[in-house]
Amino acid sequence: MVGDRYLVIEVQTYNLQPTTYNQKKMKVTQHIENAQGKPLFSFEILPPLKGQNIQFIYDGIDPLMEFKPPFIDVTYHREEYEFKELPSGLLQKKIVKKRPGTVGICAGIQNKYSVDAIPHILCGGFTKEDTENLLIDLDFLGIDNVVALRGDALKNETYFKPEKDGNEYATDLVLQINNLNNGIYLDEDLQNSACTNFCIGVAGYPEKHMEAPSLDSDIHFLKQKIKNGADYIITQMFFDNKKFFDFVSKCRAAGITVPIIPGLKPIATKKQLNLIPHRFSLELPDDLIMAVVKAKDNDQVKQIGIEWCIKQSKELVAAGIPVLHYYSMGKAENIKAIAKEIF
């Protein structure tokens, strides 16, 4: 009341609640345990290039939410080096991060969709102190699933080089994360340090890592990651299910008992016939190669890729695989076409 008058204010309300899909946040291993035999759908996205906002990410996620993914992976892309010519003619080395924002994207995904967002954490580009601080931030945000990877060499390097005081191998990174889960920090003088609760995923390679001398040796080091605290394995893409089934058999024979999630990617362009085998050191089946070669254009190639991936997916579901994970690379159209036939 103002003097003898009443002041009436019209208030317009807005819905500020996050978009929820009624998913309960939990560890990847818990999602698998609670699936009760029904296959789960998950996918992986790229952070947007610097200059784009998070709506770019949401536009690639929204079309896939009808399939109720329990978790979404967010890749991390390490720094690159560029050389800028100075007026003197000398070259100045400049560090460039073209796809920053992984932690912010994960927080945004969990807030908007109420599903678990899983950041990829690399050895490359991080000291152990950097890694510890990153994990503390993730813990504060309630992000308790991570994928631990060594990462690739920089474009101007032949072989991977760790940061000074950084983790050299994914095995070391897993151990550092597991140490935090047990309250062991880099600073040994910390008192009453809190334990984190990360569920740790690691990469597996059905056709072996490109640097591994053999598949058996690759599995030997994969087993070490599990020993150091990894909770599940997610594989590199493959296009022949037999290679995945053989890989799983070899892992089980080696004593690896954690869940193994297959990673799938539909081929989409003729260029990928050469790019994918070269970039990821894997083989494409002859039937798929010939079908793509005979395709009149990339629209037809995309359809071939969708149909091939549907066939792969159905066979994996029939074999009782608990989760199918798709490398969407931020493009939802072909992944949606596949998921409609499977989930």
# chains A, B, ... in the order shown; residues from 1 in each chain; ligands from 1
>>> residues_around(residues="A:Leu284", least_positions_apart="2", cutoff="10 Å", atoms="only C-alpha atoms", output="PyMOL selection string")
chain A and resi 238-240+273-274+276-277+282+286-289
>>> residues_around(residues="A:Gly166", least_positions_apart="4", cutoff="8 Å", atoms="only C-alpha atoms", output="number ranges by chain")
A: 123-124, 126-129, 162
>>> residues_around(residues="stretch 38-42 of chain A", least_positions_apart="4", cutoff="10 Å", atoms="only C-alpha atoms", output="ChimeraX atom specification")
/A:31-32,34,64-65,67-73,261,263,316-318,320-328,339,342-343
>>> residues_around(residues="A:Gln176", least_positions_apart="6", cutoff="12 Å", atoms="only C-alpha atoms", output="PyMOL selection string")
chain A and resi 121+123+127-133+135+148+166-170+182-186+196+198+200+225+228-230
>>> closest_residue(among="A:Gln272, A:Gly125, A:Met237, A:Tyr232", to="A:Val28", atoms="only C-alpha atoms")
A:Tyr232
>>> residues_around(residues="A:Asn197", least_positions_apart="4", cutoff="8 Å", atoms="only C-alpha atoms", output="list in words")
Asp139, Asp144 and Asn181 of chain A
>>> select_by_dssp(residues="stretch 47-245 of chain A", states="strand (DSSP E or B)", output="PyMOL selection string")
chain A and resi 71-74+80-85+91-96+116-122+145-149+199-204+232-237
>>> write_last_selection(atoms="N, CA, C and O atoms", output="compact mmCIF listing (two decimals), in the first residue's frame")
# COMPACT_ATOMS: atom_id res chain seq x y z
N PHE A 71 23.08 -41.86 -20.63
CA PHE A 71 24.28 -41.03 -20.54
C PHE A 71 24.71 -40.60 -21.94
O PHE A 71 24.40 -41.23 -22.94
N ILE A 72 25.42 -39.47 -21.96
CA ILE A 72 25.93 -38.88 -23.21
C ILE A 72 27.40 -38.55 -22.99
O ILE A 72 27.76 -37.88 -22.02
N ASP A 73 28.26 -39.03 -23.88
CA ASP A 73 29.69 -38.74 -23.79
C ASP A 73 30.02 -37.43 -24.49
O ASP A 73 29.45 -37.12 -25.55
N VAL A 74 30.95 -36.69 -23.91
CA VAL A 74 31.43 -35.44 -24.52
C VAL A 74 32.94 -35.55 -24.71
O VAL A 74 33.68 -35.71 -23.73
N GLU A 80 46.15 -27.30 -30.00
CA GLU A 80 46.97 -27.43 -31.20
C GLU A 80 47.96 -26.27 -31.23
O GLU A 80 47.79 -25.26 -30.55
N TYR A 81 48.99 -26.45 -32.03
CA TYR A 81 49.98 -25.39 -32.18
C TYR A 81 49.89 -24.78 -33.57
O TYR A 81 49.82 -25.48 -34.56
N GLU A 82 49.86 -23.46 -33.60
CA GLU A 82 49.92 -22.73 -34.86
C GLU A 82 51.13 -21.81 -34.83
O GLU A 82 51.57 -21.39 -33.75
N PHE A 83 51.64 -21.50 -35.99
CA PHE A 83 52.83 -20.64 -36.08
C PHE A 83 52.46 -19.36 -36.83
O PHE A 83 51.99 -19.40 -37.97
N LYS A 84 52.64 -18.23 -36.14
CA LYS A 84 52.31 -16.92 -36.70
C LYS A 84 53.60 -16.19 -37.06
O LYS A 84 54.53 -16.11 -36.24
N GLU A 85 53.65 -15.68 -38.29
CA GLU A 85 54.85 -14.98 -38.73
C GLU A 85 54.86 -13.55 -38.18
O GLU A 85 53.90 -12.79 -38.34
N LEU A 91 59.02 -16.92 -36.63
CA LEU A 91 57.74 -17.57 -36.38
C LEU A 91 57.48 -17.66 -34.88
O LEU A 91 58.37 -18.04 -34.12
N GLN A 92 56.28 -17.29 -34.49
CA GLN A 92 55.88 -17.37 -33.09
C GLN A 92 54.93 -18.55 -32.91
O GLN A 92 53.93 -18.68 -33.60
N LYS A 93 55.27 -19.42 -31.98
CA LYS A 93 54.44 -20.59 -31.70
C LYS A 93 53.28 -20.17 -30.80
O LYS A 93 53.46 -19.56 -29.76
N LYS A 94 52.06 -20.51 -31.23
CA LYS A 94 50.86 -20.11 -30.51
C LYS A 94 50.02 -21.33 -30.20
O LYS A 94 49.78 -22.17 -31.06
N ILE A 95 49.57 -21.46 -28.95
CA ILE A 95 48.69 -22.55 -28.55
C ILE A 95 47.24 -22.17 -28.82
O ILE A 95 46.79 -21.08 -28.45
N VAL A 96 46.52 -23.05 -29.48
CA VAL A 96 45.12 -22.77 -29.85
C VAL A 96 44.25 -23.94 -29.38
O VAL A 96 44.56 -25.10 -29.63
N ASP A 116 23.11 -38.35 -17.35
CA ASP A 116 24.53 -38.27 -17.01
C ASP A 116 25.35 -37.86 -18.22
O ASP A 116 25.24 -38.47 -19.29
N ALA A 117 26.15 -36.83 -18.04
CA ALA A 117 27.09 -36.40 -19.07
C ALA A 117 28.47 -36.88 -18.68
O ALA A 117 28.88 -36.75 -17.52
N ILE A 118 29.20 -37.45 -19.64
CA ILE A 118 30.49 -38.08 -19.34
C ILE A 118 31.60 -37.38 -20.11
O ILE A 118 31.72 -37.54 -21.33
N PRO A 119 32.43 -36.61 -19.42
CA PRO A 119 33.54 -35.95 -20.10
C PRO A 119 34.69 -36.92 -20.34
O PRO A 119 34.96 -37.80 -19.53
N HIS A 120 35.34 -36.76 -21.47
CA HIS A 120 36.58 -37.48 -21.75
C HIS A 120 37.74 -36.68 -21.15
O HIS A 120 37.84 -35.47 -21.34
N ILE A 121 38.60 -37.38 -20.44
CA ILE A 121 39.77 -36.74 -19.82
C ILE A 121 41.02 -37.33 -20.44
O ILE A 121 41.16 -38.55 -20.55
N LEU A 122 41.93 -36.47 -20.87
CA LEU A 122 43.13 -36.91 -21.57
C LEU A 122 44.39 -36.74 -20.72
O LEU A 122 44.45 -35.88 -19.84
N ASN A 145 30.89 -39.61 -13.70
CA ASN A 145 31.35 -40.57 -14.70
C ASN A 145 32.39 -39.89 -15.58
O ASN A 145 32.20 -38.73 -16.00
N VAL A 146 33.49 -40.56 -15.87
CA VAL A 146 34.51 -40.01 -16.75
C VAL A 146 35.05 -41.14 -17.64
O VAL A 146 34.97 -42.31 -17.29
N VAL A 147 35.59 -40.76 -18.78
CA VAL A 147 36.33 -41.69 -19.64
C VAL A 147 37.78 -41.24 -19.67
O VAL A 147 38.06 -40.09 -20.02
N ALA A 148 38.69 -42.12 -19.28
CA ALA A 148 40.11 -41.78 -19.18
C ALA A 148 40.85 -42.28 -20.41
O ALA A 148 40.85 -43.48 -20.71
N LEU A 149 41.50 -41.36 -21.13
CA LEU A 149 42.17 -41.68 -22.38
C LEU A 149 43.57 -41.06 -22.39
O LEU A 149 43.79 -40.00 -21.79
N CYS A 199 33.03 -43.09 -11.62
CA CYS A 199 32.96 -44.34 -12.40
C CYS A 199 33.85 -44.11 -13.62
O CYS A 199 33.65 -43.15 -14.37
N ILE A 200 34.81 -44.99 -13.84
CA ILE A 200 35.86 -44.73 -14.83
C ILE A 200 35.70 -45.66 -16.04
O ILE A 200 35.73 -46.88 -15.91
N GLY A 201 35.53 -45.05 -17.19
CA GLY A 201 35.52 -45.80 -18.44
C GLY A 201 36.86 -45.68 -19.14
O GLY A 201 37.58 -44.67 -18.97
N VAL A 202 37.22 -46.69 -19.91
CA VAL A 202 38.46 -46.66 -20.69
C VAL A 202 38.17 -47.19 -22.10
O VAL A 202 37.14 -47.82 -22.34
N ALA A 203 39.09 -46.94 -23.00
CA ALA A 203 38.91 -47.35 -24.39
C ALA A 203 39.43 -48.76 -24.63
O ALA A 203 40.44 -49.17 -24.04
N GLY A 204 38.74 -49.49 -25.49
CA GLY A 204 39.20 -50.79 -25.96
C GLY A 204 39.20 -50.80 -27.48
O GLY A 204 38.41 -50.10 -28.11
N TYR A 232 34.55 -49.89 -16.67
CA TYR A 232 33.95 -50.41 -17.90
C TYR A 232 34.82 -50.01 -19.09
O TYR A 232 35.69 -49.14 -18.99
N ILE A 233 34.55 -50.67 -20.20
CA ILE A 233 35.29 -50.44 -21.45
C ILE A 233 34.32 -50.00 -22.53
O ILE A 233 33.22 -50.56 -22.64
N ILE A 234 34.71 -49.03 -23.30
CA ILE A 234 33.94 -48.63 -24.48
C ILE A 234 34.86 -48.74 -25.68
O ILE A 234 36.01 -48.28 -25.63
N THR A 235 34.40 -49.37 -26.75
CA THR A 235 35.32 -49.70 -27.84
C THR A 235 35.41 -48.61 -28.90
O THR A 235 34.49 -47.80 -29.07
N GLN A 236 36.50 -48.65 -29.59
CA GLN A 236 36.64 -47.90 -30.83
C GLN A 236 35.62 -48.43 -31.83
O GLN A 236 35.13 -49.55 -31.70
N MET A 237 35.25 -47.63 -32.80
CA MET A 237 34.29 -48.07 -33.81
C MET A 237 34.80 -49.30 -34.55
O MET A 237 36.02 -49.53 -34.68
>>> closest_residue(among="A:Lys265, A:His77, A:Lys294, A:His278", to="A:Phe43", atoms="only C-alpha atoms")
A:Lys265
>>> decode(residues="stretch 63-189 of chain A", atoms="C-alpha atoms", output="PDB file, in the first residue's frame")
ATOM      1  CA  PRO A  63      16.332 -35.287 -31.824  1.00  0.00           C
ATOM      2  CA  LEU A  64      17.853 -38.253 -29.950  1.00  0.00           C
ATOM      3  CA  MET A  65      16.258 -37.762 -26.542  1.00  0.00           C
ATOM      4  CA  GLU A  66      13.138 -39.756 -27.470  1.00  0.00           C
ATOM      5  CA  PHE A  67      15.325 -42.878 -27.169  1.00  0.00           C
ATOM      6  CA  LYS A  68      16.064 -42.028 -23.505  1.00  0.00           C
ATOM      7  CA  PRO A  69      19.853 -42.229 -23.379  1.00  0.00           C
ATOM      8  CA  PRO A  70      20.996 -42.769 -19.783  1.00  0.00           C
ATOM      9  CA  PHE A  71      24.281 -41.034 -20.542  1.00  0.00           C
ATOM     10  CA  ILE A  72      25.928 -38.884 -23.211  1.00  0.00           C
ATOM     11  CA  ASP A  73      29.692 -38.744 -23.787  1.00  0.00           C
ATOM     12  CA  VAL A  74      31.434 -35.439 -24.517  1.00  0.00           C
ATOM     13  CA  THR A  75      34.820 -35.660 -26.205  1.00  0.00           C
ATOM     14  CA  TYR A  76      37.779 -33.463 -25.345  1.00  0.00           C
ATOM     15  CA  HIS A  77      40.064 -32.039 -28.014  1.00  0.00           C
ATOM     16  CA  ARG A  78      43.470 -31.008 -26.815  1.00  0.00           C
ATOM     17  CA  GLU A  79      45.332 -27.893 -27.818  1.00  0.00           C
ATOM     18  CA  GLU A  80      46.971 -27.426 -31.200  1.00  0.00           C
ATOM     19  CA  TYR A  81      49.983 -25.389 -32.177  1.00  0.00           C
ATOM     20  CA  GLU A  82      49.919 -22.729 -34.858  1.00  0.00           C
ATOM     21  CA  PHE A  83      52.828 -20.637 -36.083  1.00  0.00           C
ATOM     22  CA  LYS A  84      52.309 -16.919 -36.701  1.00  0.00           C
ATOM     23  CA  GLU A  85      54.852 -14.977 -38.733  1.00  0.00           C
ATOM     24  CA  LEU A  86      56.117 -11.857 -36.960  1.00  0.00           C
ATOM     25  CA  PRO A  87      57.141  -8.640 -38.758  1.00  0.00           C
ATOM     26  CA  SER A  88      60.756  -9.684 -38.174  1.00  0.00           C
ATOM     27  CA  GLY A  89      60.175 -12.807 -40.240  1.00  0.00           C
ATOM     28  CA  LEU A  90      60.492 -15.100 -37.222  1.00  0.00           C
ATOM     29  CA  LEU A  91      57.738 -17.571 -36.381  1.00  0.00           C
ATOM     30  CA  GLN A  92      55.884 -17.369 -33.093  1.00  0.00           C
ATOM     31  CA  LYS A  93      54.445 -20.594 -31.698  1.00  0.00           C
ATOM     32  CA  LYS A  94      50.865 -20.111 -30.511  1.00  0.00           C
ATOM     33  CA  ILE A  95      48.692 -22.553 -28.549  1.00  0.00           C
ATOM     34  CA  VAL A  96      45.120 -22.773 -29.847  1.00  0.00           C
ATOM     35  CA  LYS A  97      42.158 -24.624 -28.335  1.00  0.00           C
ATOM     36  CA  LYS A  98      39.571 -24.940 -31.083  1.00  0.00           C
ATOM     37  CA  ARG A  99      36.933 -26.840 -29.086  1.00  0.00           C
ATOM     38  CA  PRO A 100      36.974 -25.633 -25.464  1.00  0.00           C
ATOM     39  CA  GLY A 101      34.192 -25.986 -22.933  1.00  0.00           C
ATOM     40  CA  THR A 102      33.834 -29.712 -22.231  1.00  0.00           C
ATOM     41  CA  VAL A 103      33.145 -29.254 -18.502  1.00  0.00           C
ATOM     42  CA  GLY A 104      30.602 -26.497 -19.142  1.00  0.00           C
ATOM     43  CA  ILE A 105      28.892 -28.612 -21.795  1.00  0.00           C
ATOM     44  CA  CYS A 106      28.605 -31.558 -19.406  1.00  0.00           C
ATOM     45  CA  ALA A 107      27.114 -29.328 -16.719  1.00  0.00           C
ATOM     46  CA  GLY A 108      24.675 -27.883 -19.262  1.00  0.00           C
ATOM     47  CA  ILE A 109      23.594 -31.339 -20.453  1.00  0.00           C
ATOM     48  CA  GLN A 110      22.977 -32.610 -16.924  1.00  0.00           C
ATOM     49  CA  ASN A 111      21.013 -29.479 -16.049  1.00  0.00           C
ATOM     50  CA  LYS A 112      18.866 -29.418 -19.191  1.00  0.00           C
ATOM     51  CA  TYR A 113      18.212 -33.108 -19.742  1.00  0.00           C
ATOM     52  CA  SER A 114      18.772 -34.709 -16.323  1.00  0.00           C
ATOM     53  CA  VAL A 115      20.934 -37.425 -17.854  1.00  0.00           C
ATOM     54  CA  ASP A 116      24.525 -38.274 -17.013  1.00  0.00           C
ATOM     55  CA  ALA A 117      27.087 -36.404 -19.072  1.00  0.00           C
ATOM     56  CA  ILE A 118      30.486 -38.083 -19.339  1.00  0.00           C
ATOM     57  CA  PRO A 119      33.540 -35.955 -20.098  1.00  0.00           C
ATOM     58  CA  HIS A 120      36.576 -37.484 -21.747  1.00  0.00           C
ATOM     59  CA  ILE A 121      39.767 -36.741 -19.819  1.00  0.00           C
ATOM     60  CA  LEU A 122      43.133 -36.911 -21.574  1.00  0.00           C
ATOM     61  CA  CYS A 123      46.730 -37.321 -20.518  1.00  0.00           C
ATOM     62  CA  GLY A 124      47.885 -35.072 -23.349  1.00  0.00           C
ATOM     63  CA  GLY A 125      47.985 -31.382 -22.513  1.00  0.00           C
ATOM     64  CA  PHE A 126      47.542 -31.854 -18.756  1.00  0.00           C
ATOM     65  CA  THR A 127      49.901 -32.045 -15.824  1.00  0.00           C
ATOM     66  CA  LYS A 128      48.801 -34.262 -12.941  1.00  0.00           C
ATOM     67  CA  GLU A 129      47.955 -31.085 -11.024  1.00  0.00           C
ATOM     68  CA  ASP A 130      45.764 -29.892 -13.920  1.00  0.00           C
ATOM     69  CA  THR A 131      44.035 -33.261 -13.956  1.00  0.00           C
ATOM     70  CA  GLU A 132      43.412 -33.223 -10.215  1.00  0.00           C
ATOM     71  CA  ASN A 133      41.903 -29.728 -10.367  1.00  0.00           C
ATOM     72  CA  LEU A 134      39.701 -30.727 -13.287  1.00  0.00           C
ATOM     73  CA  LEU A 135      38.442 -33.776 -11.396  1.00  0.00           C
ATOM     74  CA  ILE A 136      37.711 -31.636  -8.329  1.00  0.00           C
ATOM     75  CA  ASP A 137      35.603 -29.287 -10.480  1.00  0.00           C
ATOM     76  CA  LEU A 138      33.723 -32.248 -11.964  1.00  0.00           C
ATOM     77  CA  ASP A 139      33.105 -33.639  -8.485  1.00  0.00           C
ATOM     78  CA  PHE A 140      31.731 -30.280  -7.318  1.00  0.00           C
ATOM     79  CA  LEU A 141      29.349 -30.259 -10.316  1.00  0.00           C
ATOM     80  CA  GLY A 142      28.002 -33.719  -9.524  1.00  0.00           C
ATOM     81  CA  ILE A 143      29.572 -35.264 -12.618  1.00  0.00           C
ATOM     82  CA  ASP A 144      30.683 -38.690 -11.462  1.00  0.00           C
ATOM     83  CA  ASN A 145      31.348 -40.572 -14.705  1.00  0.00           C
ATOM     84  CA  VAL A 146      34.515 -40.012 -16.751  1.00  0.00           C
ATOM     85  CA  VAL A 147      36.326 -41.691 -19.635  1.00  0.00           C
ATOM     86  CA  ALA A 148      40.114 -41.783 -19.177  1.00  0.00           C
ATOM     87  CA  LEU A 149      42.174 -41.677 -22.382  1.00  0.00           C
ATOM     88  CA  ARG A 150      45.780 -41.080 -23.267  1.00  0.00           C
ATOM     89  CA  GLY A 151      44.858 -39.001 -26.304  1.00  0.00           C
ATOM     90  CA  ASP A 152      46.590 -38.595 -29.632  1.00  0.00           C
ATOM     91  CA  ALA A 153      49.901 -37.027 -30.485  1.00  0.00           C
ATOM     92  CA  LEU A 154      49.835 -33.432 -31.659  1.00  0.00           C
ATOM     93  CA  LYS A 155      49.656 -32.972 -35.409  1.00  0.00           C
ATOM     94  CA  ASN A 156      53.297 -31.924 -35.581  1.00  0.00           C
ATOM     95  CA  GLU A 157      54.470 -34.894 -33.475  1.00  0.00           C
ATOM     96  CA  THR A 158      55.140 -38.404 -34.690  1.00  0.00           C
ATOM     97  CA  TYR A 159      54.621 -39.949 -31.271  1.00  0.00           C
ATOM     98  CA  PHE A 160      52.631 -38.914 -28.228  1.00  0.00           C
ATOM     99  CA  LYS A 161      54.558 -36.843 -25.688  1.00  0.00           C
ATOM    100  CA  PRO A 162      53.118 -36.334 -22.203  1.00  0.00           C
ATOM    101  CA  GLU A 163      53.289 -33.006 -20.436  1.00  0.00           C
ATOM    102  CA  LYS A 164      56.094 -32.531 -17.959  1.00  0.00           C
ATOM    103  CA  ASP A 165      54.695 -33.893 -14.669  1.00  0.00           C
ATOM    104  CA  GLY A 166      51.747 -35.327 -16.600  1.00  0.00           C
ATOM    105  CA  ASN A 167      50.418 -38.849 -17.012  1.00  0.00           C
ATOM    106  CA  GLU A 168      52.125 -40.763 -19.793  1.00  0.00           C
ATOM    107  CA  TYR A 169      49.563 -43.536 -20.294  1.00  0.00           C
ATOM    108  CA  ALA A 170      45.835 -43.978 -19.751  1.00  0.00           C
ATOM    109  CA  THR A 171      46.772 -46.588 -17.139  1.00  0.00           C
ATOM    110  CA  ASP A 172      48.462 -43.852 -15.096  1.00  0.00           C
ATOM    111  CA  LEU A 173      45.478 -41.526 -15.520  1.00  0.00           C
ATOM    112  CA  VAL A 174      43.095 -44.244 -14.305  1.00  0.00           C
ATOM    113  CA  LEU A 175      45.279 -44.748 -11.242  1.00  0.00           C
ATOM    114  CA  GLN A 176      45.221 -41.025 -10.443  1.00  0.00           C
ATOM    115  CA  ILE A 177      41.421 -40.923 -10.697  1.00  0.00           C
ATOM    116  CA  ASN A 178      41.100 -44.039  -8.568  1.00  0.00           C
ATOM    117  CA  ASN A 179      43.440 -42.515  -6.003  1.00  0.00           C
ATOM    118  CA  LEU A 180      41.072 -39.545  -5.668  1.00  0.00           C
ATOM    119  CA  ASN A 181      38.228 -42.004  -5.196  1.00  0.00           C
ATOM    120  CA  ASN A 182      40.213 -43.242  -2.197  1.00  0.00           C
ATOM    121  CA  GLY A 183      40.973 -39.747  -0.906  1.00  0.00           C
ATOM    122  CA  ILE A 184      44.586 -39.782  -2.090  1.00  0.00           C
ATOM    123  CA  TYR A 185      45.591 -36.386  -3.513  1.00  0.00           C
ATOM    124  CA  LEU A 186      48.888 -35.192  -4.950  1.00  0.00           C
ATOM    125  CA  ASP A 187      49.488 -33.148  -1.800  1.00  0.00           C
ATOM    126  CA  GLU A 188      50.291 -35.808   0.770  1.00  0.00           C
ATOM    127  CA  ASP A 189      49.945 -33.300   3.595  1.00  0.00           C
TER     128      ASP A 189
END
